[in-house]
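The structure under discussion appears below in the form of structure tokens.
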Amino acid sequence: MSEGDERRAGEHIRTTPAESHREREIDHVLEALDPDRERPHDVVLSKDLSLSFGENRILSGVNIEFRRGTITALIGPTGCGKSTFLRTLNRMNDKVSGFRYEGDVTLEGASIFGPDQNLLHLRRRVGMVFQRPNPFPMSIRDNVVAGVKAHQIAKGKQLDVVAEERLRQVGLWGHVKDRLNDSPFRLSGGQQQLLCLARALAVGPEVLLLDEPTSALDPISTELVESLLRKLTPALTLIIVTHNLGQARRASDHTMFLYGGKLVEHGPTAELFERPKEPSTEHYVTGRMG
Amino acid sequence: MAAVSGAATGGTPPVAARPPTKRDPLLQRIRSSVWANEHHLWGWGGRISAAAPFVALVLTVLVLAFKAWPAVKVNGAHFLIGTDWKPGSTYGAVTYTNGVPHPLGVSYGAWPVIVGTLESSGIALLIALPISVGAAFALTERLPRWIAEILRYAVEILAGVPSVLIGLWGALTLGPLLANDVYPFIANHVPDVAGFSYLKGPVGHGEGLLTSGIVLALMIIPIIASTTRTLFAQVPPLPKEGGEALGMTDWEVGRRITIPWVRSGIIGATVLGLGRALGETIAVAMVSGSLLATISPNVYGTMGTIAATLVTQLDSAFVDGTGFEVRTLAELAVVLVLVLLVVNILARFIIRRTGNLSVPLGVGV
């Protein structure tokens, strides 16, 4: 990609040359301090990826890179392969009978399908939040630290600390601090989804996949989740599948449009929505198709 | 008929309208009377069906208790704590205690068979529960579908094998085999620690507590396994996928998500199996040794259970001219019902305790 750093494309402000010089200096210092500076810009890269179930080809020839610390929205009509693509990124499709892939996906330069790739470790690095809240049948606290326990990241009293920190991070601590040992199923749908988000964040993922995370939630909870996602960057790279074009527009930096088994178009969100290059993209984002 | 179906399937409806049957008073009366009859049928059918099990249970217990009451008056508390079983001199003089006739020198103590019942069923449960849950888990989650289908069928057939066949096999084949090849090995290799002394000592000839437990386990595994399999099949995929996506192993997903999801159901299935084990009669009578007044000193020794005692003693009980021994057996049966009742109440208690975190009805299904 040669667009430069358009991570916050909308936030450029006109400045005097002196100010801009000073800003560049600050940027330079910040860049030097950035722990990620030695690492490639693109966290996840999909190279010529084709996915199929048995004879049924879902996607073919997807080439795309996901920028570190950005939010990418995957849009497209139902059945276009958005979810299949997303679930391939942490190999959730491995178990589905008949699933085949061609091409490759790399995470930090290493193929996720490689022989030395530990599947469990990969899933710790690439977390996932699902369409509907899916709390585990255990207490609220145990839900948050379920992954932490499984990966033996912390134990004993540390778990309480992790639980509190993550619940605070998703803004749920105030609601549940007095009932950490209660069933999560008594929480509202939105709260359950936040709990699942806290659970996914607790293992410290680098990439978070969200499969229509707000499709089962009311508008207020949706807004809450969206604003939360924004706060998770740039520490995390988010990839979000959504049917909600408004959400893609509001919450993402990049958007990719899948249609007819192909990646039709991708680019900065504002650009894709304002000046789509492909006619089918324009049809979809203007609501004439979908 | 042809005309009606023609009108229903034909492209354009016929021009002539149908007669206005809705207004026909006769048809309406027929309709409403059919409806009323159905209504009554369902109402009464439902009430009778719902009440039948309860009435049957109450009647059974009442008849037994009525029959047993004189024996309760004579045997007293000794019946629950005593360890002897003496029918007295059946051909001697009849004596009276509290106005109840009985042979001279009777002394009935059911404590050994109560202990035997609880022990053998406990062992059966210890063996059957992990195997059943493991089998159910493998059938739903691990094995290829065609193998699972065959095994599922096998489990259901095992559930239908008459207990007398299993008892015969246990007495003729399994018991001797275990006594010759397995029990000595266990008894000789168990460490000399205080808690394990129960597993040491003489191993007998194959009739006894552990053999009964194993035979009972075989009989309740199909019950627990098939119920648990159905439960596992109903666990929605989303929570399991959530566990996988978090980097849990399949084992962790099973242990932390799938099994807890249906925990109360598994407890229910276990109680069903335990009820069967506590009440199982003929197979235990064949492999336990059917002793009356002996608590086995170790896990291999011969013993008896309440149900086995009922079936093995009934014949000789009729010899008692006063009918007292039969009444005593009825009292023993009441004790068995009480044991079952306590087990069920205990299970409800456990379900309520663990139910706090379980899944509310309708979630994710």
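Numbering starts fresh at 1 for the residues of each chain in the structure tokens, the chains themselves are lettered A, B, ... in the order given, and ligands are numbered from 1 as they appear.
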For this session: Give me the residues within 12 Å of A:Asn181 as a ChimeraX atom specification, counting only C-alpha atoms and dropping any in the same chain fewer than 6 places off.
Result: /A:137-144,160,163 /B:356-357
Please list as a PDB file with N, CA, C and O atoms, in the first residue's frame every residue within 12 Å of B:Ala128, counting only C-alpha atoms and excluding residues in the same chain fewer than 5 positions away.
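Wrote it out as out-v9.pdb, contents follow:
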```
ATOM      1  N   SER B 120     -23.107 -51.130  47.026  1.00  0.00           N
ATOM      2  CA  SER B 120     -23.032 -51.666  45.661  1.00  0.00           C
ATOM      3  C   SER B 120     -23.468 -50.608  44.650  1.00  0.00           C
ATOM      4  O   SER B 120     -22.858 -50.458  43.591  1.00  0.00           O
ATOM      5  N   SER B 121     -24.511 -49.845  45.005  1.00  0.00           N
ATOM      6  CA  SER B 121     -24.942 -48.797  44.076  1.00  0.00           C
ATOM      7  C   SER B 121     -23.915 -47.686  43.988  1.00  0.00           C
ATOM      8  O   SER B 121     -23.705 -47.107  42.922  1.00  0.00           O
ATOM      9  N   GLY B 122     -23.277 -47.375  45.101  1.00  0.00           N
ATOM     10  CA  GLY B 122     -22.235 -46.343  45.110  1.00  0.00           C
ATOM     11  C   GLY B 122     -21.084 -46.748  44.198  1.00  0.00           C
ATOM     12  O   GLY B 122     -20.611 -45.953  43.378  1.00  0.00           O
ATOM     13  N   ILE B 123     -20.650 -48.005  44.329  1.00  0.00           N
ATOM     14  CA  ILE B 123     -19.564 -48.489  43.467  1.00  0.00           C
ATOM     15  C   ILE B 123     -20.001 -48.434  42.007  1.00  0.00           C
ATOM     16  O   ILE B 123     -19.252 -47.987  41.128  1.00  0.00           O
ATOM     17  N   VAL B 133     -20.445 -40.595  30.868  1.00  0.00           N
ATOM     18  CA  VAL B 133     -20.252 -39.232  30.367  1.00  0.00           C
ATOM     19  C   VAL B 133     -19.176 -39.232  29.284  1.00  0.00           C
ATOM     20  O   VAL B 133     -19.319 -38.575  28.250  1.00  0.00           O
ATOM     21  N   GLY B 134     -18.113 -40.010  29.508  1.00  0.00           N
ATOM     22  CA  GLY B 134     -17.057 -40.104  28.507  1.00  0.00           C
ATOM     23  C   GLY B 134     -17.584 -40.679  27.202  1.00  0.00           C
ATOM     24  O   GLY B 134     -17.304 -40.159  26.117  1.00  0.00           O
ATOM     25  N   ALA B 135     -18.383 -41.741  27.323  1.00  0.00           N
ATOM     26  CA  ALA B 135     -18.932 -42.368  26.112  1.00  0.00           C
ATOM     27  C   ALA B 135     -19.860 -41.404  25.385  1.00  0.00           C
ATOM     28  O   ALA B 135     -19.785 -41.251  24.166  1.00  0.00           O
ATOM     29  N   ALA B 136     -20.717 -40.727  26.156  1.00  0.00           N
ATOM     30  CA  ALA B 136     -21.649 -39.790  25.532  1.00  0.00           C
ATOM     31  C   ALA B 136     -20.891 -38.665  24.841  1.00  0.00           C
ATOM     32  O   ALA B 136     -21.237 -38.241  23.736  1.00  0.00           O
ATOM     33  N   GLY B 213     -21.182 -54.385  42.084  1.00  0.00           N
ATOM     34  CA  GLY B 213     -21.040 -53.008  41.629  1.00  0.00           C
ATOM     35  C   GLY B 213     -20.752 -52.945  40.142  1.00  0.00           C
ATOM     36  O   GLY B 213     -21.329 -52.135  39.410  1.00  0.00           O
ATOM     37  N   ILE B 214     -19.869 -53.831  39.661  1.00  0.00           N
ATOM     38  CA  ILE B 214     -19.506 -53.816  38.245  1.00  0.00           C
ATOM     39  C   ILE B 214     -20.704 -54.226  37.383  1.00  0.00           C
ATOM     40  O   ILE B 214     -20.991 -53.609  36.352  1.00  0.00           O
ATOM     41  N   VAL B 215     -21.418 -55.266  37.834  1.00  0.00           N
ATOM     42  CA  VAL B 215     -22.600 -55.705  37.078  1.00  0.00           C
ATOM     43  C   VAL B 215     -23.657 -54.599  37.047  1.00  0.00           C
ATOM     44  O   VAL B 215     -24.250 -54.301  36.007  1.00  0.00           O
ATOM     45  N   LEU B 216     -23.854 -53.950  38.203  1.00  0.00           N
ATOM     46  CA  LEU B 216     -24.817 -52.846  38.245  1.00  0.00           C
ATOM     47  C   LEU B 216     -24.366 -51.711  37.338  1.00  0.00           C
ATOM     48  O   LEU B 216     -25.174 -51.089  36.636  1.00  0.00           O
ATOM     49  N   ALA B 217     -23.063 -51.439  37.332  1.00  0.00           N
ATOM     50  CA  ALA B 217     -22.541 -50.379  36.473  1.00  0.00           C
ATOM     51  C   ALA B 217     -22.881 -50.666  35.023  1.00  0.00           C
ATOM     52  O   ALA B 217     -23.328 -49.788  34.282  1.00  0.00           O
ATOM     53  N   LEU B 218     -22.686 -51.929  34.621  1.00  0.00           N
ATOM     54  CA  LEU B 218     -23.007 -52.317  33.248  1.00  0.00           C
ATOM     55  C   LEU B 218     -24.464 -52.035  32.920  1.00  0.00           C
ATOM     56  O   LEU B 218     -24.809 -51.714  31.788  1.00  0.00           O
ATOM     57  N   MET B 219     -25.318 -52.190  33.932  1.00  0.00           N
ATOM     58  CA  MET B 219     -26.741 -52.015  33.670  1.00  0.00           C
ATOM     59  C   MET B 219     -27.157 -50.553  33.651  1.00  0.00           C
ATOM     60  O   MET B 219     -28.135 -50.198  32.999  1.00  0.00           O
ATOM     61  N   ILE B 220     -26.439 -49.706  34.362  1.00  0.00           N
ATOM     62  CA  ILE B 220     -26.869 -48.305  34.385  1.00  0.00           C
ATOM     63  C   ILE B 220     -26.096 -47.438  33.399  1.00  0.00           C
ATOM     64  O   ILE B 220     -26.511 -46.325  33.095  1.00  0.00           O
ATOM     65  N   ILE B 221     -24.978 -47.943  32.890  1.00  0.00           N
ATOM     66  CA  ILE B 221     -24.230 -47.161  31.885  1.00  0.00           C
ATOM     67  C   ILE B 221     -25.123 -46.783  30.695  1.00  0.00           C
ATOM     68  O   ILE B 221     -25.145 -45.614  30.294  1.00  0.00           O
ATOM     69  N   PRO B 222     -25.881 -47.733  30.127  1.00  0.00           N
ATOM     70  CA  PRO B 222     -26.726 -47.325  28.983  1.00  0.00           C
ATOM     71  C   PRO B 222     -27.726 -46.239  29.344  1.00  0.00           C
ATOM     72  O   PRO B 222     -27.989 -45.345  28.534  1.00  0.00           O
ATOM     73  N   ILE B 223     -28.278 -46.313  30.565  1.00  0.00           N
ATOM     74  CA  ILE B 223     -29.270 -45.303  30.965  1.00  0.00           C
ATOM     75  C   ILE B 223     -28.626 -43.928  31.027  1.00  0.00           C
ATOM     76  O   ILE B 223     -29.108 -42.968  30.410  1.00  0.00           O
ATOM     77  N   ILE B 224     -27.512 -43.846  31.757  1.00  0.00           N
ATOM     78  CA  ILE B 224     -26.871 -42.537  31.922  1.00  0.00           C
ATOM     79  C   ILE B 224     -26.282 -42.069  30.588  1.00  0.00           C
ATOM     80  O   ILE B 224     -26.417 -40.911  30.206  1.00  0.00           O
ATOM     81  N   ALA B 225     -25.658 -42.993  29.868  1.00  0.00           N
ATOM     82  CA  ALA B 225     -24.976 -42.590  28.634  1.00  0.00           C
ATOM     83  C   ALA B 225     -25.958 -42.095  27.583  1.00  0.00           C
ATOM     84  O   ALA B 225     -25.715 -41.073  26.937  1.00  0.00           O
ATOM     85  N   ALA B 269     -29.901 -37.644  35.037  1.00  0.00           N
ATOM     86  CA  ALA B 269     -29.665 -38.950  34.431  1.00  0.00           C
ATOM     87  C   ALA B 269     -29.007 -39.891  35.431  1.00  0.00           C
ATOM     88  O   ALA B 269     -29.325 -41.089  35.494  1.00  0.00           O
ATOM     89  N   THR B 270     -28.096 -39.317  36.238  1.00  0.00           N
ATOM     90  CA  THR B 270     -27.408 -40.126  37.229  1.00  0.00           C
ATOM     91  C   THR B 270     -28.384 -40.671  38.267  1.00  0.00           C
ATOM     92  O   THR B 270     -28.293 -41.824  38.679  1.00  0.00           O
ATOM     93  N   VAL B 271     -29.319 -39.817  38.673  1.00  0.00           N
ATOM     94  CA  VAL B 271     -30.304 -40.259  39.658  1.00  0.00           C
ATOM     95  C   VAL B 271     -31.173 -41.370  39.074  1.00  0.00           C
ATOM     96  O   VAL B 271     -31.497 -42.343  39.751  1.00  0.00           O
ATOM     97  N   GLY B 273     -30.198 -43.520  36.865  1.00  0.00           N
ATOM     98  CA  GLY B 273     -29.362 -44.721  36.903  1.00  0.00           C
ATOM     99  C   GLY B 273     -29.223 -45.255  38.318  1.00  0.00           C
ATOM    100  O   GLY B 273     -29.308 -46.468  38.553  1.00  0.00           O
ATOM    101  N   LEU B 274     -29.046 -44.340  39.266  1.00  0.00           N
ATOM    102  CA  LEU B 274     -28.881 -44.756  40.657  1.00  0.00           C
ATOM    103  C   LEU B 274     -30.145 -45.434  41.159  1.00  0.00           C
ATOM    104  O   LEU B 274     -30.089 -46.436  41.878  1.00  0.00           O
ATOM    105  N   ALA B 277     -30.069 -48.848  39.969  1.00  0.00           N
ATOM    106  CA  ALA B 277     -29.078 -49.664  40.683  1.00  0.00           C
ATOM    107  C   ALA B 277     -29.579 -50.041  42.073  1.00  0.00           C
ATOM    108  O   ALA B 277     -29.445 -51.182  42.508  1.00  0.00           O
TER     109      ALA B 277
END
```
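Residue nearest A:Phe66, chosen from A:Ser83, A:Ser97, A:Thr237, A:Thr286 and counting only C-alpha atoms: A:Thr237.
Those residues that approach stretch 164-166 of chain B to within 10 Å, counting only C-alpha atoms, are Leu158, Val161, Pro162, Leu168, Trp169, Gly170, Ala171, Leu172, Leu174, Val215, Leu216, Leu218, Met219, Thr281, Ile282, Ala283, Val284, Ala285, Met286 and Val287 of chain B; same-chain residues fewer than 2 positions away are not listed.
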Quick one: write out the picked residues with N, CA and C atoms as a compact mmCIF listing (two decimals), in the first residue's frame?
```txt
# COMPACT_ATOMS: atom_id res chain seq x y z
N LEU B 158 -27.80 -52.60 24.76
CA LEU B 158 -27.35 -52.96 26.10
C LEU B 158 -28.39 -52.56 27.14
N VAL B 161 -31.04 -55.32 27.40
CA VAL B 161 -30.72 -56.70 27.78
C VAL B 161 -31.36 -57.01 29.13
N PRO B 162 -32.12 -58.09 29.25
CA PRO B 162 -32.77 -58.40 30.53
C PRO B 162 -31.72 -58.59 31.62
N LEU B 168 -26.65 -63.69 35.02
CA LEU B 168 -26.13 -65.03 34.74
C LEU B 168 -24.70 -64.95 34.23
N TRP B 169 -24.51 -64.02 33.32
CA TRP B 169 -23.16 -63.83 32.77
C TRP B 169 -22.20 -63.41 33.88
N GLY B 170 -22.69 -62.54 34.75
CA GLY B 170 -21.85 -62.08 35.86
C GLY B 170 -21.48 -63.22 36.78
N ALA B 171 -22.45 -64.09 37.05
CA ALA B 171 -22.20 -65.18 37.99
C ALA B 171 -21.32 -66.26 37.39
N LEU B 172 -21.53 -66.56 36.09
CA LEU B 172 -20.81 -67.68 35.48
C LEU B 172 -19.46 -67.28 34.90
N LEU B 174 -18.10 -63.44 34.41
CA LEU B 174 -17.38 -62.24 34.86
C LEU B 174 -16.83 -62.42 36.27
N VAL B 215 -21.42 -55.27 37.83
CA VAL B 215 -22.60 -55.71 37.08
C VAL B 215 -23.66 -54.60 37.05
N LEU B 216 -23.85 -53.95 38.20
CA LEU B 216 -24.82 -52.85 38.25
C LEU B 216 -24.37 -51.71 37.34
N LEU B 218 -22.69 -51.93 34.62
CA LEU B 218 -23.01 -52.32 33.25
C LEU B 218 -24.46 -52.04 32.92
N MET B 219 -25.32 -52.19 33.93
CA MET B 219 -26.74 -52.02 33.67
C MET B 219 -27.16 -50.55 33.65
N THR B 281 -32.68 -56.09 41.18
CA THR B 281 -32.93 -57.25 42.03
C THR B 281 -32.19 -58.50 41.60
N ILE B 282 -32.59 -59.02 40.45
CA ILE B 282 -32.22 -60.39 40.16
C ILE B 282 -30.72 -60.52 39.87
N ALA B 283 -30.17 -59.55 39.12
CA ALA B 283 -28.75 -59.65 38.79
C ALA B 283 -27.90 -59.61 40.05
N VAL B 284 -28.29 -58.72 40.98
CA VAL B 284 -27.52 -58.62 42.22
C VAL B 284 -27.70 -59.89 43.04
N ALA B 285 -28.91 -60.41 43.05
CA ALA B 285 -29.14 -61.64 43.80
C ALA B 285 -28.24 -62.76 43.28
N MET B 286 -27.91 -62.71 42.00
CA MET B 286 -27.11 -63.77 41.41
C MET B 286 -25.62 -63.59 41.65
N VAL B 287 -25.15 -62.36 41.79
CA VAL B 287 -23.69 -62.17 41.88
C VAL B 287 -23.21 -61.66 43.24
```
For this session: Pick out the residues sitting within 9 Å of A:Thr242, and hand them over as an NGL selection string; count only C-alpha atoms, and ignore anything fewer than 4 positions along from it in its own chain.
Result: :A and (73-76 or 82 or 210-215 or 247-248)
N, CA and C atoms of the current selection, written as an mmCIF file, in the first residue's frame:
```cif
data_model
loop_
_atom_site.group_PDB
_atom_site.id
_atom_site.type_symbol
_atom_site.label_atom_id
_atom_site.label_comp_id
_atom_site.auth_asym_id
_atom_site.auth_seq_id
_atom_site.Cartn_x
_atom_site.Cartn_y
_atom_site.Cartn_z
ATOM 1 N N ALA A 73 -13.542 -2.994 8.282
ATOM 2 C CA ALA A 73 -14.888 -3.559 8.207
ATOM 3 C C ALA A 73 -15.002 -4.425 6.972
ATOM 4 N N LEU A 74 -15.631 -5.588 7.135
ATOM 5 C CA LEU A 74 -15.928 -6.452 5.994
ATOM 6 C C LEU A 74 -17.412 -6.319 5.717
ATOM 7 N N ILE A 75 -17.738 -5.816 4.523
ATOM 8 C CA ILE A 75 -19.152 -5.697 4.185
ATOM 9 C C ILE A 75 -19.449 -6.497 2.930
ATOM 10 N N GLY A 76 -20.716 -6.727 2.723
ATOM 11 C CA GLY A 76 -21.127 -7.481 1.548
ATOM 12 C C GLY A 76 -22.444 -8.159 1.847
ATOM 13 N N LYS A 82 -18.162 -13.353 3.894
ATOM 14 C CA LYS A 82 -17.527 -12.507 4.923
ATOM 15 C C LYS A 82 -17.130 -13.322 6.144
ATOM 16 N N LEU A 210 -14.320 -9.772 14.824
ATOM 17 C CA LEU A 210 -15.673 -9.595 15.342
ATOM 18 C C LEU A 210 -16.669 -9.950 14.240
ATOM 19 N N ASP A 211 -17.468 -10.980 14.513
ATOM 20 C CA ASP A 211 -18.410 -11.459 13.512
ATOM 21 C C ASP A 211 -19.792 -10.878 13.812
ATOM 22 N N GLU A 212 -20.109 -9.774 13.166
ATOM 23 C CA GLU A 212 -21.375 -9.069 13.431
ATOM 24 C C GLU A 212 -21.646 -8.958 14.932
ATOM 25 N N PRO A 213 -20.759 -8.314 15.660
ATOM 26 C CA PRO A 213 -20.844 -8.363 17.129
ATOM 27 C C PRO A 213 -22.076 -7.664 17.686
ATOM 28 N N THR A 214 -22.702 -6.809 16.905
ATOM 29 C CA THR A 214 -23.830 -6.057 17.469
ATOM 30 C C THR A 214 -25.155 -6.420 16.813
ATOM 31 N N SER A 215 -25.159 -7.474 15.989
ATOM 32 C CA SER A 215 -26.394 -7.744 15.243
ATOM 33 C C SER A 215 -27.527 -8.171 16.163
ATOM 34 N N GLN A 247 -22.644 1.207 10.631
ATOM 35 C CA GLN A 247 -21.598 0.817 11.570
ATOM 36 C C GLN A 247 -20.239 0.782 10.889
ATOM 37 N N ALA A 248 -20.185 0.200 9.684
ATOM 38 C CA ALA A 248 -18.923 0.156 8.949
ATOM 39 C C ALA A 248 -18.394 1.570 8.764
#
```
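Distances here use only C-alpha atoms; by that measure, the residue among B:Thr227, B:Ser89, B:Thr95, B:Thr249 closest to chain A is B:Thr249.
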Please report, as a Markdown table, each residue of chain A lying at most 7 Å from chain B, together with the nearest pair of atoms and the separation in Å rounded to one decimal; use only C-alpha atoms, and order rows by chain and ascending residue number.
```
| residue | atom | partner | partner_atom | distance |
| --- | --- | --- | --- | --- |
| A:Met92 | CA | B:Ala245 | CA | 6.9 |
| A:Leu120 | CA | B:Gly247 | CA | 4.3 |
| A:His121 | CA | B:Gly247 | CA | 6.6 |
| A:Arg123 | CA | B:Gly247 | CA | 4.9 |
| A:Arg124 | CA | B:Gly247 | CA | 5.5 |
| A:Gly127 | CA | B:Leu246 | CA | 6.3 |
| A:Met128 | CA | B:Ala245 | CA | 6.0 |
| A:Asn134 | CA | B:Pro239 | CA | 4.9 |
| A:Pro135 | CA | B:Pro239 | CA | 6.4 |
| A:Phe136 | CA | B:Ile257 | CA | 5.9 |
| A:Pro137 | CA | B:Trp261 | CA | 5.5 |
| A:Met138 | CA | B:Leu357 | CA | 5.6 |
| A:Ser139 | CA | B:Leu357 | CA | 6.3 |
| A:Gly147 | CA | B:Leu246 | CA | 5.7 |
| A:Ala150 | CA | B:Met248 | CA | 5.9 |
| A:Asp182 | CA | B:Leu357 | CA | 6.6 |
| A:Ser183 | CA | B:Leu357 | CA | 4.5 |
| A:Phe185 | CA | B:Val359 | CA | 6.8 |
| A:Ala200 | CA | B:Leu246 | CA | 6.7 |
```
For this session: Mind the document's chain letters and residue numbers, and return as an MDAnalysis selection string the residues of stretch 128-278 of chain A that DSSP labels alpha helix (DSSP H).
Result: chainID A and resid 140:150 157:169 173:176 189:202 219:232 245:251 269:274
Problem set entry | 12 Å contact set for B:Gly116, only C-alpha atoms, chain neighbours under 5 positions out, as a PyMOL selection string | chain B and resi 83+110-111+121-124+208-210+212-213+277-278+284-285+288-309+336
Exercise. If you run DSSP on this backbone, which residues of stretch 37-219 of chain B come out as strand (DSSP E), and could you give them as a list in words?
Worked result: Trp85, Lys86, Ser89, Thr90, Tyr91, Gly92, Ala93, Val94, Thr95, Tyr96, Thr97, Val100, Pro101, His102, Pro103, Leu104, Ser107 and Tyr108 of chain B
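From atom CA of A:Glu226 back to atom CA of A:Arg168, the distance works out to 16.1 Å.
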Seminar exercise, completed: note - atom CA of B:Tyr96 and atom CA of B:Ala333 are separated by 23.2 Å
For this session: Write out as a PyMOL selection string the residues lying within 9 Å of A:Tyr101, counting only C-alpha atoms and excluding same-chain residues fewer than 6 positions away.
Result: chain A and resi 49-53+88
Problem set entry | Exercise: stretch 316-321 of chain B partners within 12 Å, only C-alpha atoms, chain neighbours under 3 positions left out, as number ranges by chain | B: 86-95, 101-104, 106, 309-313, 324-330
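Proximity of B:Leu338, B:Trp146, B:Val155, B:Pro70 to B:Ile114, computed with only C-alpha atoms, is greatest for B:Leu338.
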